[in-house]
Amino acid sequence: MLFGYPSIQEASHFKSLLNDFSEASGTGINNTKSQTFFFHTPPIVKNVVARILGFPIATLLSKYLGPPLISSSIKQSSWCILIKKLESRLNLWTHRTLNIASHVVLIKAILQAMPLYLFSILAAPKWVLKRIQDLQCGFL
């Protein structure tokens with residue numbers, strides 16, 4: 001995370017720093033995963049700074065490491081995204097012939113690990129826990 005004053009000069013300095021970092025480390029900045037946030041900034045300045053940096057303009061509610069950046073509980077639609085991710089992962093495995101021990105390993109290693117970070121910072125509603133349990137039982 002980088003913080004700065006929303007100006008053309010500051011954005012140019014940040015872009016230069018990011019380019020220097022990319023050259024020195026041999027890695028690139030992922031522009032699709034990077035975002036710019038502005039607070040009390042005129043729209044024209046937002047657009048110019050975002051164009052210089054090459055990152056899209058984002059607004060809070062956004063995500064960091066998966067869960068949304070909010071101070072209260074998340075909406076049902078956000079929990080549904082987690083459920084859909086788990087379902088899609090299960091769909092990749094259902095067409096394979098796996099024994100029961102392999103099913104148990106997949107459930108413990110993947111399905112129980114995927115929501116772990118989200119559960120560590122937000123209390124999941126009972127219906128979400130029930131739905132995840134149903135998915136796991138249905139896979140066995």
# chains A, B, ... in the order shown; residues from 1 in each chain; ligands from 1
call {"tool": "select_by_dssp", "arguments": {"residues": "region 6-135 of chain A", "states": "strand (DSSP E)", "output": "list of chain:residue names"}}
result
A:Thr36, A:Phe37, A:Ile57, A:Ala58
call {"tool": "residues_around", "arguments": {"residues": "region 15-24 of chain A", "least_positions_apart": "6", "cutoff": "9 Å", "atoms": "only C-alpha atoms", "output": "VMD selection string"}}
result
chain A and resid 52 to 54
call {"tool": "write_last_selection", "arguments": {"atoms": "N, CA and C atoms", "output": "CSV table (one decimal), in the first residue's frame"}}
result
chain,number,residue,atom,x,y,z
A,52,ILE,N,-1.8,8.1,-15.2
A,52,ILE,CA,-0.4,8.0,-15.0
A,52,ILE,C,0.0,6.7,-14.4
A,53,LEU,N,-0.6,6.3,-13.3
A,53,LEU,CA,-0.3,5.1,-12.6
A,53,LEU,C,-0.7,3.8,-13.4
A,54,GLY,N,-1.7,3.9,-14.2
A,54,GLY,CA,-2.2,2.8,-15.0
A,54,GLY,C,-3.0,1.8,-14.2
call {"tool": "residues_around", "arguments": {"residues": "Lys84 (chain A)", "least_positions_apart": "6", "cutoff": "12 Å", "atoms": "only C-alpha atoms", "output": "list in words"}}
result
Ser77, Ser78, Leu90, Asn91, Leu111, Met114, Pro115, Val128, Arg131, Ile132 and Leu135 of chain A
call {"tool": "residues_around", "arguments": {"residues": "region 37-46 of chain A", "least_positions_apart": "6", "cutoff": "8 Å", "atoms": "only C-alpha atoms", "output": "NGL selection string"}}
result
:A and (6-8 or 57-60)
call {"tool": "atom_distance", "arguments": {"atom1": "CA of Thr32 (chain A)", "atom2": "CA of Phe55 (chain A)"}}
result
7.2 Å
call {"tool": "atom_distance", "arguments": {"atom1": "CA of Leu140 (chain A)", "atom2": "CA of His103 (chain A)"}}
result
6.2 Å
call {"tool": "atom_distance", "arguments": {"atom1": "CA of Leu92 (chain A)", "atom2": "CA of Phe119 (chain A)"}}
result
23.7 Å
call {"tool": "select_by_dssp", "arguments": {"residues": "chain A", "states": "helix (DSSP H, G or I)", "output": "number ranges by chain"}}
result
A: 8-25, 43-53, 76-93, 100-111, 116-121, 126-139
call {"tool": "closest_residue", "arguments": {"among": "A:Leu122, A:Cys137, A:Ile110, A:Ala11", "to": "Lys85 (chain A)", "atoms": "only C-alpha atoms"}}
result
A:Ile110
call {"tool": "residues_around", "arguments": {"residues": "Gln76 (chain A)", "least_positions_apart": "6", "cutoff": "12 Å", "atoms": "only C-alpha atoms", "output": "list in words"}}
result
Leu82, Ile83, Ala124, Pro125, Lys126, Trp127 and Val128 of chain A
call {"tool": "write_last_selection", "arguments": {"atoms": "C-alpha atoms", "output": "CSV table (one decimal), in the first residue's frame"}}
result
chain,number,residue,atom,x,y,z
A,82,LEU,CA,-17.6,-17.7,-1.5
A,83,ILE,CA,-20.2,-20.4,-1.8
A,124,ALA,CA,-20.2,-16.2,9.2
A,125,PRO,CA,-24.0,-16.5,9.3
A,126,LYS,CA,-25.4,-19.9,10.2
A,127,TRP,CA,-26.9,-20.3,6.7
A,128,VAL,CA,-23.4,-20.0,5.2
call {"tool": "decode", "arguments": {"residues": "region 4-20 of chain A", "atoms": "all heavy atoms", "output": "PDB file, in the first residue's frame"}}
result
ATOM      1  N   GLY A   4      -0.181   8.839  -0.686  1.00  0.00           N
ATOM      2  CA  GLY A   4       0.420  10.077  -1.162  1.00  0.00           C
ATOM      3  C   GLY A   4      -0.623  11.131  -1.447  1.00  0.00           C
ATOM      4  O   GLY A   4      -1.831  10.875  -1.396  1.00  0.00           O
ATOM      5  N   TYR A   5      -0.137  12.312  -1.762  1.00  0.00           N
ATOM      6  CA  TYR A   5      -1.008  13.430  -2.121  1.00  0.00           C
ATOM      7  C   TYR A   5      -1.451  13.244  -3.568  1.00  0.00           C
ATOM      8  O   TYR A   5      -0.630  12.924  -4.428  1.00  0.00           O
ATOM      9  CB  TYR A   5      -0.246  14.745  -1.946  1.00  0.00           C
ATOM     10  CG  TYR A   5      -1.098  15.959  -2.171  1.00  0.00           C
ATOM     11  CD1 TYR A   5      -1.999  16.380  -1.212  1.00  0.00           C
ATOM     12  CD2 TYR A   5      -1.011  16.659  -3.370  1.00  0.00           C
ATOM     13  CE1 TYR A   5      -2.790  17.486  -1.424  1.00  0.00           C
ATOM     14  CE2 TYR A   5      -1.805  17.770  -3.593  1.00  0.00           C
ATOM     15  CZ  TYR A   5      -2.694  18.177  -2.613  1.00  0.00           C
ATOM     16  OH  TYR A   5      -3.482  19.268  -2.835  1.00  0.00           O
ATOM     17  N   PRO A   6      -2.740  13.427  -3.878  1.00  0.00           N
ATOM     18  CA  PRO A   6      -3.216  13.192  -5.244  1.00  0.00           C
ATOM     19  C   PRO A   6      -2.815  14.324  -6.196  1.00  0.00           C
ATOM     20  O   PRO A   6      -3.585  15.243  -6.443  1.00  0.00           O
ATOM     21  CB  PRO A   6      -4.730  13.093  -5.082  1.00  0.00           C
ATOM     22  CG  PRO A   6      -5.031  13.909  -3.878  1.00  0.00           C
ATOM     23  CD  PRO A   6      -3.834  13.775  -2.978  1.00  0.00           C
ATOM     24  N   SER A   7      -1.599  14.254  -6.717  1.00  0.00           N
ATOM     25  CA  SER A   7      -1.133  15.253  -7.674  1.00  0.00           C
ATOM     26  C   SER A   7      -0.411  14.551  -8.818  1.00  0.00           C
ATOM     27  O   SER A   7       0.027  13.406  -8.690  1.00  0.00           O
ATOM     28  CB  SER A   7      -0.186  16.244  -6.998  1.00  0.00           C
ATOM     29  OG  SER A   7       1.031  15.614  -6.666  1.00  0.00           O
ATOM     30  N   ILE A   8      -0.248  15.269  -9.912  1.00  0.00           N
ATOM     31  CA  ILE A   8       0.445  14.709 -11.073  1.00  0.00           C
ATOM     32  C   ILE A   8       1.896  14.412 -10.726  1.00  0.00           C
ATOM     33  O   ILE A   8       2.440  13.365 -11.084  1.00  0.00           O
ATOM     34  CB  ILE A   8       0.327  15.679 -12.269  1.00  0.00           C
ATOM     35  CG1 ILE A   8      -1.139  15.770 -12.702  1.00  0.00           C
ATOM     36  CG2 ILE A   8       1.212  15.252 -13.417  1.00  0.00           C
ATOM     37  CD1 ILE A   8      -1.435  16.865 -13.698  1.00  0.00           C
ATOM     38  N   GLN A   9       2.522  15.325 -10.004  1.00  0.00           N
ATOM     39  CA  GLN A   9       3.919  15.149  -9.623  1.00  0.00           C
ATOM     40  C   GLN A   9       4.099  13.912  -8.730  1.00  0.00           C
ATOM     41  O   GLN A   9       4.991  13.101  -8.941  1.00  0.00           O
ATOM     42  CB  GLN A   9       4.435  16.401  -8.918  1.00  0.00           C
ATOM     43  CG  GLN A   9       5.905  16.318  -8.577  1.00  0.00           C
ATOM     44  CD  GLN A   9       6.407  17.593  -7.901  1.00  0.00           C
ATOM     45  OE1 GLN A   9       5.617  18.457  -7.546  1.00  0.00           O
ATOM     46  NE2 GLN A   9       7.701  17.681  -7.723  1.00  0.00           N
ATOM     47  N   GLU A  10       3.234  13.780  -7.753  1.00  0.00           N
ATOM     48  CA  GLU A  10       3.318  12.631  -6.839  1.00  0.00           C
ATOM     49  C   GLU A  10       3.065  11.329  -7.589  1.00  0.00           C
ATOM     50  O   GLU A  10       3.751  10.327  -7.373  1.00  0.00           O
ATOM     51  CB  GLU A  10       2.292  12.801  -5.713  1.00  0.00           C
ATOM     52  CG  GLU A  10       2.422  11.787  -4.606  1.00  0.00           C
ATOM     53  CD  GLU A  10       3.165  12.335  -3.401  1.00  0.00           C
ATOM     54  OE1 GLU A  10       3.501  13.522  -3.375  1.00  0.00           O
ATOM     55  OE2 GLU A  10       3.403  11.542  -2.490  1.00  0.00           O
ATOM     56  N   ALA A  11       2.089  11.320  -8.484  1.00  0.00           N
ATOM     57  CA  ALA A  11       1.788  10.117  -9.265  1.00  0.00           C
ATOM     58  C   ALA A  11       2.978   9.746 -10.152  1.00  0.00           C
ATOM     59  O   ALA A  11       3.309   8.564 -10.290  1.00  0.00           O
ATOM     60  CB  ALA A  11       0.534  10.331 -10.102  1.00  0.00           C
ATOM     61  N   SER A  12       3.618  10.737 -10.727  1.00  0.00           N
ATOM     62  CA  SER A  12       4.792  10.472 -11.571  1.00  0.00           C
ATOM     63  C   SER A  12       5.932   9.873 -10.750  1.00  0.00           C
ATOM     64  O   SER A  12       6.622   8.956 -11.210  1.00  0.00           O
ATOM     65  CB  SER A  12       5.262  11.761 -12.239  1.00  0.00           C
ATOM     66  OG  SER A  12       4.257  12.272 -13.085  1.00  0.00           O
ATOM     67  N   HIS A  13       6.125  10.380  -9.532  1.00  0.00           N
ATOM     68  CA  HIS A  13       7.151   9.829  -8.649  1.00  0.00           C
ATOM     69  C   HIS A  13       6.830   8.383  -8.268  1.00  0.00           C
ATOM     70  O   HIS A  13       7.722   7.519  -8.256  1.00  0.00           O
ATOM     71  CB  HIS A  13       7.321  10.675  -7.388  1.00  0.00           C
ATOM     72  CG  HIS A  13       8.018  11.974  -7.619  1.00  0.00           C
ATOM     73  ND1 HIS A  13       9.309  12.063  -8.072  1.00  0.00           N
ATOM     74  CD2 HIS A  13       7.597  13.251  -7.471  1.00  0.00           C
ATOM     75  CE1 HIS A  13       9.663  13.326  -8.186  1.00  0.00           C
ATOM     76  NE2 HIS A  13       8.624  14.082  -7.828  1.00  0.00           N
ATOM     77  N   PHE A  14       5.557   8.111  -7.947  1.00  0.00           N
ATOM     78  CA  PHE A  14       5.153   6.747  -7.615  1.00  0.00           C
ATOM     79  C   PHE A  14       5.387   5.812  -8.794  1.00  0.00           C
ATOM     80  O   PHE A  14       5.884   4.700  -8.630  1.00  0.00           O
ATOM     81  CB  PHE A  14       3.680   6.682  -7.199  1.00  0.00           C
ATOM     82  CG  PHE A  14       3.448   6.959  -5.742  1.00  0.00           C
ATOM     83  CD1 PHE A  14       2.452   7.831  -5.346  1.00  0.00           C
ATOM     84  CD2 PHE A  14       4.185   6.342  -4.755  1.00  0.00           C
ATOM     85  CE1 PHE A  14       2.219   8.086  -4.005  1.00  0.00           C
ATOM     86  CE2 PHE A  14       3.964   6.579  -3.413  1.00  0.00           C
ATOM     87  CZ  PHE A  14       2.978   7.468  -3.038  1.00  0.00           C
ATOM     88  N   LYS A  15       5.018   6.251  -9.986  1.00  0.00           N
ATOM     89  CA  LYS A  15       5.201   5.429 -11.184  1.00  0.00           C
ATOM     90  C   LYS A  15       6.680   5.141 -11.398  1.00  0.00           C
ATOM     91  O   LYS A  15       7.068   4.005 -11.708  1.00  0.00           O
ATOM     92  CB  LYS A  15       4.597   6.133 -12.405  1.00  0.00           C
ATOM     93  CG  LYS A  15       4.595   5.295 -13.656  1.00  0.00           C
ATOM     94  CD  LYS A  15       3.697   4.092 -13.498  1.00  0.00           C
ATOM     95  CE  LYS A  15       3.562   3.348 -14.805  1.00  0.00           C
ATOM     96  NZ  LYS A  15       2.734   2.170 -14.676  1.00  0.00           N
ATOM     97  N   SER A  16       7.526   6.146 -11.196  1.00  0.00           N
ATOM     98  CA  SER A  16       8.974   5.964 -11.323  1.00  0.00           C
ATOM     99  C   SER A  16       9.494   4.964 -10.290  1.00  0.00           C
ATOM    100  O   SER A  16      10.307   4.077 -10.612  1.00  0.00           O
ATOM    101  CB  SER A  16       9.675   7.308 -11.167  1.00  0.00           C
ATOM    102  OG  SER A  16      11.061   7.145 -11.204  1.00  0.00           O
ATOM    103  N   LEU A  17       9.024   5.083  -9.046  1.00  0.00           N
ATOM    104  CA  LEU A  17       9.425   4.140  -7.995  1.00  0.00           C
ATOM    105  C   LEU A  17       9.002   2.713  -8.321  1.00  0.00           C
ATOM    106  O   LEU A  17       9.763   1.760  -8.124  1.00  0.00           O
ATOM    107  CB  LEU A  17       8.830   4.553  -6.648  1.00  0.00           C
ATOM    108  CG  LEU A  17       9.451   5.758  -5.961  1.00  0.00           C
ATOM    109  CD1 LEU A  17       8.604   6.183  -4.771  1.00  0.00           C
ATOM    110  CD2 LEU A  17      10.862   5.439  -5.524  1.00  0.00           C
ATOM    111  N   LEU A  18       7.786   2.564  -8.810  1.00  0.00           N
ATOM    112  CA  LEU A  18       7.283   1.233  -9.162  1.00  0.00           C
ATOM    113  C   LEU A  18       8.089   0.640 -10.319  1.00  0.00           C
ATOM    114  O   LEU A  18       8.393  -0.559 -10.322  1.00  0.00           O
ATOM    115  CB  LEU A  18       5.797   1.292  -9.499  1.00  0.00           C
ATOM    116  CG  LEU A  18       4.867   1.611  -8.329  1.00  0.00           C
ATOM    117  CD1 LEU A  18       3.442   1.845  -8.821  1.00  0.00           C
ATOM    118  CD2 LEU A  18       4.901   0.502  -7.291  1.00  0.00           C
ATOM    119  N   ASN A  19       8.440   1.474 -11.293  1.00  0.00           N
ATOM    120  CA  ASN A  19       9.265   0.995 -12.413  1.00  0.00           C
ATOM    121  C   ASN A  19      10.655   0.590 -11.940  1.00  0.00           C
ATOM    122  O   ASN A  19      11.195  -0.434 -12.381  1.00  0.00           O
ATOM    123  CB  ASN A  19       9.352   2.055 -13.512  1.00  0.00           C
ATOM    124  CG  ASN A  19       8.039   2.233 -14.244  1.00  0.00           C
ATOM    125  OD1 ASN A  19       7.197   1.333 -14.273  1.00  0.00           O
ATOM    126  ND2 ASN A  19       7.854   3.387 -14.850  1.00  0.00           N
ATOM    127  N   ASP A  20      11.245   1.397 -11.050  1.00  0.00           N
ATOM    128  CA  ASP A  20      12.564   1.059 -10.492  1.00  0.00           C
ATOM    129  C   ASP A  20      12.504  -0.256  -9.715  1.00  0.00           C
ATOM    130  O   ASP A  20      13.399  -1.096  -9.827  1.00  0.00           O
ATOM    131  CB  ASP A  20      13.072   2.177  -9.579  1.00  0.00           C
ATOM    132  CG  ASP A  20      13.445   3.442 -10.337  1.00  0.00           C
ATOM    133  OD1 ASP A  20      13.561   3.393 -11.584  1.00  0.00           O
ATOM    134  OD2 ASP A  20      13.596   4.499  -9.677  1.00  0.00           O
TER     135      ASP A  20
END
